[in-house]
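Only one structure is covered here, and it is reproduced in the block below.
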Amino acid sequence: MINKRILASAVAVSSLALAGAANAEVKVGFLGGFTGGIESLTPPIFDGARLAVQQINAQGGLLGGQELVMPSGDTTCSDASAASNAADRMVNTEQVTAIVGALCTGATIAAANNAAIPGGVLMVSPASTAPAVSALDDNDLVFRTVPSDAFQGEMLAKLLLDKGIDYVAVTYVNNDYGRGLSDAFAEAFEAGGGTVADNLGHEDNRADYRAELGALSATGADTLVVLAYADTSGQTVMRQAYESGMFTQYVGADGMVGDSLVDAIGADVLDGMIATRPGSPDLPGSDIFNAAAEGAGFDPSAVFAAQAYDAAFLVALAIEQNGNAEREGLSDALRSVANAPGEVILPGEWEKAAELIAQGTEINYEGASGTHEFDDNGDVPGVVVEMTVEDGHFVSKDLVDL
């Protein structure tokens, strides 16, 4: 009898230990375009998010010592089914508390509508810039740490006009990202006195865009604005435009800012190419992140890397503020830790933040890429950086100001 009681007690203790072990981690998923149109841009974005995870775990973890883990899924950027399936795995199989991502706008919309919103899962995208994200019926579950293309399009237009470029031809990838950015750019460019000679959509992942390029070249424009992806249609469009000798100046936006584009087409060909991307204001958090990223072995200036770090750090802060790893209440907690007022938390200051939250003190995260004051749509203000190709690489120039 005694032995049976001892055995029963041992089993009970073992069961509790196993249950504790099973609950000793908190999962936050990452959805990225590991293949497809931005496959060369995704690794440093993922690195940015993982840097936040590493810092949090090194400083005691979440919720009294639980480890933060980040399973990932591939959306392919352009395949809505792949994005939905990856999100479904995160929501229903991995049982994540929240998601960092997706990156491409179409992937974010598909993941949100088909998995995250029905599952009540918070999403914070570091890269989905299309205005369509603001219009989602999302139950306050979809946020982003990057400004809308309604702003980037305006800044790109101003940049070109300031440089004396006032007559352009435009081609854009025919999806939410390309259309939204093209519309914003064209409206601002023409309002500023410029002329968009032609504005043609094109389908991604085709082998030949010479018909579209012929129509664009027939306008007489010397400048071609390509609003697409560096690893798929944008690259092909630019290569065929160069091979046909149609344009003398190339312009892009964030989806085109990748050295893979320069490597594929040639540094001499793209030397002087103009582009824009969301950037980071000159805040203390930017310097802290830059040093940490360099220490972790990736480029802190990589497009959307800082925004991904902030998305992951903010999600973790929201979970800590919420007091548990449940999904309910997380969007309110996110607004609480991101928006003023509160004691300022900078990148890497996880232990300080956790102590303040435990004391009931309000905090206000000011991150690597901005202050992230979320509005009613989950959008943030931001800055846009001028980029150009020099010596075979995209390099940052100045912030584009209104």
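Please note that chains go A, B, ... in the order of the structure tokens, that every chain numbers its residues from 1, and that ligands are numbered from 1 in the order shown.
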
message: Need the shell around Thr371 (chain A): protein/DNA/RNA residues with any atom at most 12 Å away, counting only C-alpha atoms. Skip same-chain ones fewer than 2 positions apart. Format as a count of residues only?
response: 37

Within 7 Å of Arg277 (chain A) using only C-alpha atoms, minus same-chain residues under 2 positions, as a list in words: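 Selected residues are Ala253, Asp254, Ala275, Gly279, Val384, Val385 and Glu386 of chain A.
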
- line: Here CA of Asp401 (chain A) and CA of Ser134 (chain A) stand apart by 23.1 Å

message: Could you list, as an MDAnalysis selection string, every residue within 8 Å of region 98-115 of chain A, counting only C-alpha atoms and ignoring same-chain residues fewer than 3 positions away?
response: chainID A and resid 27:33 49 75 77:81 83:88 90:91 118:119 121:130 133 136 138 142 175:177 308 311:312 315 327

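The two atoms in question, CA of Gly360 (chain A) and CA of Ile319 (chain A), are spaced 14.3 Å apart.
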
message: Here is a test: counting only C-alpha atoms, which residue of A:Met273, A:Val251, A:Leu334, A:Ala302 is nearest to Gly378 (chain A)?
response: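 Nearest candidate to Gly378 (chain A) out of A:Met273, A:Val251, A:Leu334, A:Ala302: A:Leu334.
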
message: Between CA of Val96 (chain A) and CA of Leu317 (chain A), what distance in Å does the model show, to one decimal?
response: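 Going from CA of Val96 (chain A) over to CA of Leu317 (chain A) covers 15.4 Å.
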
Tell me which protein, DNA and RNA residues are within 12 Å of Val262 (chain A), counting only C-alpha atoms, leaving out same-chain ones fewer than 4 positions away, and put them as a PDB file with N, CA and C atoms, in the first residue's frame.
ATOM      1  N   SER A  40      15.549  37.501 -50.756  1.00  0.00           N
ATOM      2  CA  SER A  40      16.853  38.023 -50.349  1.00  0.00           C
ATOM      3  C   SER A  40      16.723  39.081 -49.262  1.00  0.00           C
ATOM      4  N   ALA A 230      12.440  43.027 -55.736  1.00  0.00           N
ATOM      5  CA  ALA A 230      13.813  42.917 -56.221  1.00  0.00           C
ATOM      6  C   ALA A 230      14.160  41.542 -56.758  1.00  0.00           C
ATOM      7  N   ASP A 231      13.477  40.499 -56.293  1.00  0.00           N
ATOM      8  CA  ASP A 231      13.858  39.143 -56.672  1.00  0.00           C
ATOM      9  C   ASP A 231      12.949  38.512 -57.717  1.00  0.00           C
ATOM     10  N   GLY A 234      10.349  42.911 -60.514  1.00  0.00           N
ATOM     11  CA  GLY A 234      11.130  44.145 -60.577  1.00  0.00           C
ATOM     12  C   GLY A 234      12.477  43.931 -61.225  1.00  0.00           C
ATOM     13  N   GLN A 235      13.119  42.836 -60.872  1.00  0.00           N
ATOM     14  CA  GLN A 235      14.420  42.509 -61.441  1.00  0.00           C
ATOM     15  C   GLN A 235      14.315  42.254 -62.941  1.00  0.00           C
ATOM     16  N   THR A 236      13.314  41.482 -63.346  1.00  0.00           N
ATOM     17  CA  THR A 236      13.146  41.165 -64.776  1.00  0.00           C
ATOM     18  C   THR A 236      12.819  42.401 -65.578  1.00  0.00           C
ATOM     19  N   MET A 238      13.612  45.531 -64.956  1.00  0.00           N
ATOM     20  CA  MET A 238      14.787  46.393 -65.098  1.00  0.00           C
ATOM     21  C   MET A 238      15.824  45.796 -66.037  1.00  0.00           C
ATOM     22  N   ARG A 239      16.017  44.490 -65.975  1.00  0.00           N
ATOM     23  CA  ARG A 239      16.979  43.864 -66.871  1.00  0.00           C
ATOM     24  C   ARG A 239      16.558  44.031 -68.327  1.00  0.00           C
ATOM     25  N   TYR A 250      16.595  54.888 -63.383  1.00  0.00           N
ATOM     26  CA  TYR A 250      15.693  53.930 -62.751  1.00  0.00           C
ATOM     27  C   TYR A 250      15.390  54.376 -61.321  1.00  0.00           C
ATOM     28  N   MET A 256      12.268  47.134 -53.821  1.00  0.00           N
ATOM     29  CA  MET A 256      13.379  47.009 -54.770  1.00  0.00           C
ATOM     30  C   MET A 256      14.730  47.228 -54.115  1.00  0.00           C
ATOM     31  N   VAL A 257      14.747  47.582 -52.843  1.00  0.00           N
ATOM     32  CA  VAL A 257      16.008  47.930 -52.187  1.00  0.00           C
ATOM     33  C   VAL A 257      16.686  46.668 -51.656  1.00  0.00           C
ATOM     34  N   GLY A 258      17.459  46.058 -52.522  1.00  0.00           N
ATOM     35  CA  GLY A 258      18.213  44.866 -52.144  1.00  0.00           C
ATOM     36  C   GLY A 258      19.420  44.724 -53.053  1.00  0.00           C
ATOM     37  N   GLY A 266      23.755  44.395 -62.544  1.00  0.00           N
ATOM     38  CA  GLY A 266      25.067  44.994 -62.743  1.00  0.00           C
ATOM     39  C   GLY A 266      25.190  46.331 -62.049  1.00  0.00           C
ATOM     40  N   ALA A 267      26.307  46.492 -61.334  1.00  0.00           N
ATOM     41  CA  ALA A 267      26.526  47.738 -60.599  1.00  0.00           C
ATOM     42  C   ALA A 267      26.629  48.928 -61.538  1.00  0.00           C
ATOM     43  N   ASP A 268      27.267  48.749 -62.679  1.00  0.00           N
ATOM     44  CA  ASP A 268      27.410  49.860 -63.630  1.00  0.00           C
ATOM     45  C   ASP A 268      26.056  50.283 -64.190  1.00  0.00           C
ATOM     46  N   VAL A 269      25.195  49.313 -64.416  1.00  0.00           N
ATOM     47  CA  VAL A 269      23.874  49.612 -64.986  1.00  0.00           C
ATOM     48  C   VAL A 269      23.034  50.410 -64.004  1.00  0.00           C
ATOM     49  N   LEU A 270      23.039  50.007 -62.757  1.00  0.00           N
ATOM     50  CA  LEU A 270      22.148  50.622 -61.777  1.00  0.00           C
ATOM     51  C   LEU A 270      22.812  51.728 -60.963  1.00  0.00           C
ATOM     52  N   ASP A 271      24.059  52.054 -61.257  1.00  0.00           N
ATOM     53  CA  ASP A 271      24.725  53.122 -60.524  1.00  0.00           C
ATOM     54  C   ASP A 271      23.904  54.409 -60.618  1.00  0.00           C
ATOM     55  N   GLY A 272      23.572  54.986 -59.459  1.00  0.00           N
ATOM     56  CA  GLY A 272      22.756  56.193 -59.433  1.00  0.00           C
ATOM     57  C   GLY A 272      21.265  55.953 -59.356  1.00  0.00           C
ATOM     58  N   MET A 273      20.850  54.675 -59.335  1.00  0.00           N
ATOM     59  CA  MET A 273      19.425  54.388 -59.155  1.00  0.00           C
ATOM     60  C   MET A 273      18.911  55.036 -57.880  1.00  0.00           C
ATOM     61  N   THR A 388      20.278  55.212 -52.688  1.00  0.00           N
ATOM     62  CA  THR A 388      20.840  55.253 -54.032  1.00  0.00           C
ATOM     63  C   THR A 388      21.869  54.145 -54.175  1.00  0.00           C
ATOM     64  N   VAL A 389      22.133  53.750 -55.394  1.00  0.00           N
ATOM     65  CA  VAL A 389      23.138  52.726 -55.655  1.00  0.00           C
ATOM     66  C   VAL A 389      24.478  53.400 -55.900  1.00  0.00           C
ATOM     67  N   GLU A 390      25.451  53.050 -55.054  1.00  0.00           N
ATOM     68  CA  GLU A 390      26.816  53.555 -55.185  1.00  0.00           C
ATOM     69  C   GLU A 390      27.788  52.401 -54.989  1.00  0.00           C
ATOM     70  N   ASP A 391      28.746  52.298 -55.883  1.00  0.00           N
ATOM     71  CA  ASP A 391      29.793  51.266 -55.760  1.00  0.00           C
ATOM     72  C   ASP A 391      29.210  49.868 -55.579  1.00  0.00           C
ATOM     73  N   GLY A 392      28.105  49.598 -56.266  1.00  0.00           N
ATOM     74  CA  GLY A 392      27.537  48.255 -56.264  1.00  0.00           C
ATOM     75  C   GLY A 392      26.628  47.936 -55.103  1.00  0.00           C
ATOM     76  N   HIS A 393      26.245  48.942 -54.300  1.00  0.00           N
ATOM     77  CA  HIS A 393      25.392  48.689 -53.147  1.00  0.00           C
ATOM     78  C   HIS A 393      24.363  49.815 -52.982  1.00  0.00           C
ATOM     79  N   PHE A 394      23.219  49.459 -52.407  1.00  0.00           N
ATOM     80  CA  PHE A 394      22.280  50.487 -51.970  1.00  0.00           C
ATOM     81  C   PHE A 394      22.824  51.125 -50.698  1.00  0.00           C
ATOM     82  N   VAL A 395      22.867  52.438 -50.662  1.00  0.00           N
ATOM     83  CA  VAL A 395      23.321  53.159 -49.472  1.00  0.00           C
ATOM     84  C   VAL A 395      22.270  54.196 -49.090  1.00  0.00           C
TER      85      VAL A 395
END

What's around region 64-66 of chain A at 7 Å? Count only C-alpha atoms, leave out sequence neighbours fewer than 4 positions away in its own chain, and write the answer as a PDB file with all heavy atoms, in the first residue's frame.
ATOM      1  N   ALA A  24       6.459  26.069 -20.132  1.00  0.00           N
ATOM      2  CA  ALA A  24       7.615  26.893 -19.819  1.00  0.00           C
ATOM      3  C   ALA A  24       8.093  27.703 -21.011  1.00  0.00           C
ATOM      4  O   ALA A  24       9.197  28.226 -20.995  1.00  0.00           O
ATOM      5  CB  ALA A  24       8.744  26.021 -19.295  1.00  0.00           C
ATOM      6  N   GLU A  25       7.310  27.794 -22.059  1.00  0.00           N
ATOM      7  CA  GLU A  25       7.674  28.610 -23.193  1.00  0.00           C
ATOM      8  C   GLU A  25       6.447  29.339 -23.729  1.00  0.00           C
ATOM      9  O   GLU A  25       5.307  28.903 -23.554  1.00  0.00           O
ATOM     10  CB  GLU A  25       8.304  27.767 -24.304  1.00  0.00           C
ATOM     11  CG  GLU A  25       7.376  26.739 -24.921  1.00  0.00           C
ATOM     12  CD  GLU A  25       8.055  25.917 -26.009  1.00  0.00           C
ATOM     13  OE1 GLU A  25       9.298  25.792 -25.971  1.00  0.00           O
ATOM     14  OE2 GLU A  25       7.346  25.427 -26.896  1.00  0.00           O
ATOM     15  N   VAL A  26       6.705  30.480 -24.336  1.00  0.00           N
ATOM     16  CA  VAL A  26       5.663  31.278 -24.984  1.00  0.00           C
ATOM     17  C   VAL A  26       6.028  31.378 -26.448  1.00  0.00           C
ATOM     18  O   VAL A  26       7.164  31.730 -26.794  1.00  0.00           O
ATOM     19  CB  VAL A  26       5.562  32.684 -24.356  1.00  0.00           C
ATOM     20  CG1 VAL A  26       4.492  33.507 -25.076  1.00  0.00           C
ATOM     21  CG2 VAL A  26       5.252  32.591 -22.869  1.00  0.00           C
ATOM     22  N   GLY A  60      16.002  37.015 -18.646  1.00  0.00           N
ATOM     23  CA  GLY A  60      15.037  36.400 -17.740  1.00  0.00           C
ATOM     24  C   GLY A  60      13.792  35.839 -18.365  1.00  0.00           C
ATOM     25  O   GLY A  60      13.001  35.174 -17.698  1.00  0.00           O
TER      26      GLY A  60
END

- request: Within region 74-271 of chain A, find each residue whose DSSP state, derived from the backbone, is alpha helix (DSSP H), and express the selection as a PyMOL selection string.
  value: chain A and resi 80-88+105-111+117-119+149-162+176-191+210-217+233-243+259-265+267-270

message: Taking 6 positions as the minimum chain separation for residues in the same chain, which residues sit within 8 Å of region 156-169 of chain A when counting only C-alpha atoms? Answer as an MDAnalysis selection string.
response: chainID A and resid 185:186 188:189 192:199 216:217 219 221:225 253 275:276 386 400 402

Please dump the current selection as a CSV table (one decimal), in the first residue's frame; keep N, CA, C and O atoms.
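What follows is the written file again_9.csv:
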chain,number,residue,atom,x,y,z
A,185,PHE,N,1.9,57.5,-55.2
A,185,PHE,CA,2.9,58.2,-55.8
A,185,PHE,C,2.4,59.1,-57.0
A,185,PHE,O,2.7,60.3,-57.1
A,186,ALA,N,1.5,58.5,-57.8
A,186,ALA,CA,1.0,59.3,-59.0
A,186,ALA,C,0.2,60.5,-58.5
A,186,ALA,O,0.4,61.6,-59.1
A,188,ALA,N,0.5,62.2,-55.7
A,188,ALA,CA,1.4,63.3,-55.1
A,188,ALA,C,2.3,63.9,-56.2
A,188,ALA,O,2.5,65.1,-56.2
A,189,PHE,N,2.7,63.0,-57.2
A,189,PHE,CA,3.6,63.5,-58.2
A,189,PHE,C,2.9,64.5,-59.1
A,189,PHE,O,3.5,65.6,-59.4
A,192,GLY,N,2.2,67.8,-57.4
A,192,GLY,CA,3.4,68.6,-57.3
A,192,GLY,C,3.8,69.2,-58.6
A,192,GLY,O,4.9,69.9,-58.6
A,193,GLY,N,3.1,68.9,-59.7
A,193,GLY,CA,3.5,69.5,-60.9
A,193,GLY,C,4.2,68.5,-61.9
A,193,GLY,O,4.5,68.9,-63.0
A,194,GLY,N,4.3,67.3,-61.5
A,194,GLY,CA,5.0,66.3,-62.4
A,194,GLY,C,3.9,65.7,-63.3
A,194,GLY,O,2.7,65.8,-63.1
A,195,THR,N,4.4,64.9,-64.3
A,195,THR,CA,3.6,64.2,-65.2
A,195,THR,C,3.9,62.7,-65.2
A,195,THR,O,5.1,62.3,-65.3
A,196,VAL,N,2.9,61.9,-64.9
A,196,VAL,CA,3.1,60.4,-65.1
A,196,VAL,C,2.6,60.1,-66.5
A,196,VAL,O,1.4,60.0,-66.8
A,197,ALA,N,3.6,59.8,-67.4
A,197,ALA,CA,3.3,59.6,-68.8
A,197,ALA,C,2.4,58.4,-69.0
A,197,ALA,O,1.6,58.4,-69.9
A,198,ASP,N,2.7,57.3,-68.3
A,198,ASP,CA,1.9,56.1,-68.3
A,198,ASP,C,2.1,55.4,-67.0
A,198,ASP,O,3.2,55.5,-66.4
A,199,ASN,N,1.1,54.6,-66.6
A,199,ASN,CA,1.2,53.9,-65.3
A,199,ASN,C,0.6,52.5,-65.5
A,199,ASN,O,-0.6,52.3,-65.5
A,216,LEU,N,5.6,51.8,-72.3
A,216,LEU,CA,6.1,52.8,-71.4
A,216,LEU,C,7.2,53.7,-72.1
A,216,LEU,O,7.2,54.9,-72.0
A,217,SER,N,8.0,53.0,-72.9
A,217,SER,CA,9.1,53.8,-73.6
A,217,SER,C,8.5,54.7,-74.7
A,217,SER,O,9.1,55.7,-74.9
A,219,THR,N,6.2,56.6,-74.5
A,219,THR,CA,5.8,58.0,-74.0
A,219,THR,C,6.9,59.0,-74.1
A,219,THR,O,6.7,60.2,-73.9
A,221,ALA,N,9.4,59.1,-72.0
A,221,ALA,CA,10.0,59.3,-70.6
A,221,ALA,C,11.4,58.6,-70.5
A,221,ALA,O,11.6,57.5,-71.0
A,222,ASP,N,12.3,59.3,-69.9
A,222,ASP,CA,13.7,58.8,-69.7
A,222,ASP,C,13.8,58.0,-68.4
A,222,ASP,O,14.7,57.2,-68.2
A,223,THR,N,12.8,58.3,-67.5
A,223,THR,CA,12.9,57.8,-66.1
A,223,THR,C,11.8,56.7,-66.0
A,223,THR,O,10.6,57.0,-66.2
A,224,LEU,N,12.2,55.5,-65.5
A,224,LEU,CA,11.3,54.4,-65.3
A,224,LEU,C,11.2,54.2,-63.8
A,224,LEU,O,12.2,53.9,-63.1
A,225,VAL,N,10.0,54.3,-63.2
A,225,VAL,CA,9.7,54.0,-61.8
A,225,VAL,C,9.1,52.6,-61.7
A,225,VAL,O,8.1,52.3,-62.3
A,253,ALA,N,11.1,51.6,-55.0
A,253,ALA,CA,10.7,51.9,-53.6
A,253,ALA,C,11.2,50.7,-52.7
A,253,ALA,O,12.1,49.9,-53.2
A,275,ALA,N,15.9,55.4,-54.9
A,275,ALA,CA,14.8,54.6,-54.3
A,275,ALA,C,14.5,55.2,-52.9
A,275,ALA,O,15.2,56.1,-52.4
A,276,THR,N,13.4,54.7,-52.3
A,276,THR,CA,13.0,55.1,-51.0
A,276,THR,C,12.7,53.9,-50.2
A,276,THR,O,12.3,52.8,-50.8
A,386,GLU,N,15.9,58.3,-48.3
A,386,GLU,CA,16.4,58.3,-49.7
A,386,GLU,C,17.5,57.2,-49.8
A,386,GLU,O,18.5,57.2,-49.0
A,400,VAL,N,13.8,62.0,-46.2
A,400,VAL,CA,13.0,62.8,-47.1
A,400,VAL,C,12.0,63.6,-46.3
A,400,VAL,O,11.2,63.0,-45.5
A,402,LEU,N,9.0,66.6,-45.7
A,402,LEU,CA,7.9,67.3,-46.3
A,402,LEU,C,8.3,68.8,-46.5
A,402,LEU,O,8.0,69.4,-47.4

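Near Ser244 (chain A), within 10 Å and counting only C-alpha atoms, sit Arg210, Leu213, Gly214, Ser217, Met238, Arg239, Gln240, Ala241, Tyr242, Met246 and Phe247 of chain A, not including residues fewer than 2 positions from it in the same chain.
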
task: Go through A:Asp376, A:Asp259, A:Glu326, A:Asp204 and flag the residue nearest Arg144 (chain A), using only C-alpha atoms for the distances.
output: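 The shortest atom-to-atom distance to Arg144 (chain A) comes from A:Asp376.
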
- request: From a DSSP pass on the backbone, collect the residues of region 66-268 of chain A flagged as strand (DSSP E or B) and hand them back as a ChimeraX atom specification.
  value: /A:66-69,72-74,98-100,122-125,142-144,167-173,195-202,223-227,249-252

message: Let me make sure I understand: among A:Val303, A:Ala150, A:Leu330, A:Leu63, which one has the smallest atom-to-atom distance to Pro131 (chain A) if we use only C-alpha atoms?
response: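 Residue with the minimum atom-to-atom distance to Pro131 (chain A): A:Ala150.
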
query: Which residue gives the smallest distance to Leu141 (chain A) among A:Ala292, A:Ala116, A:Ala305, A:Met70, with only C-alpha atoms counted?
result: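 Going through A:Ala292, A:Ala116, A:Ala305, A:Met70 one by one, the smallest distance to Leu141 (chain A) is for A:Ala116.
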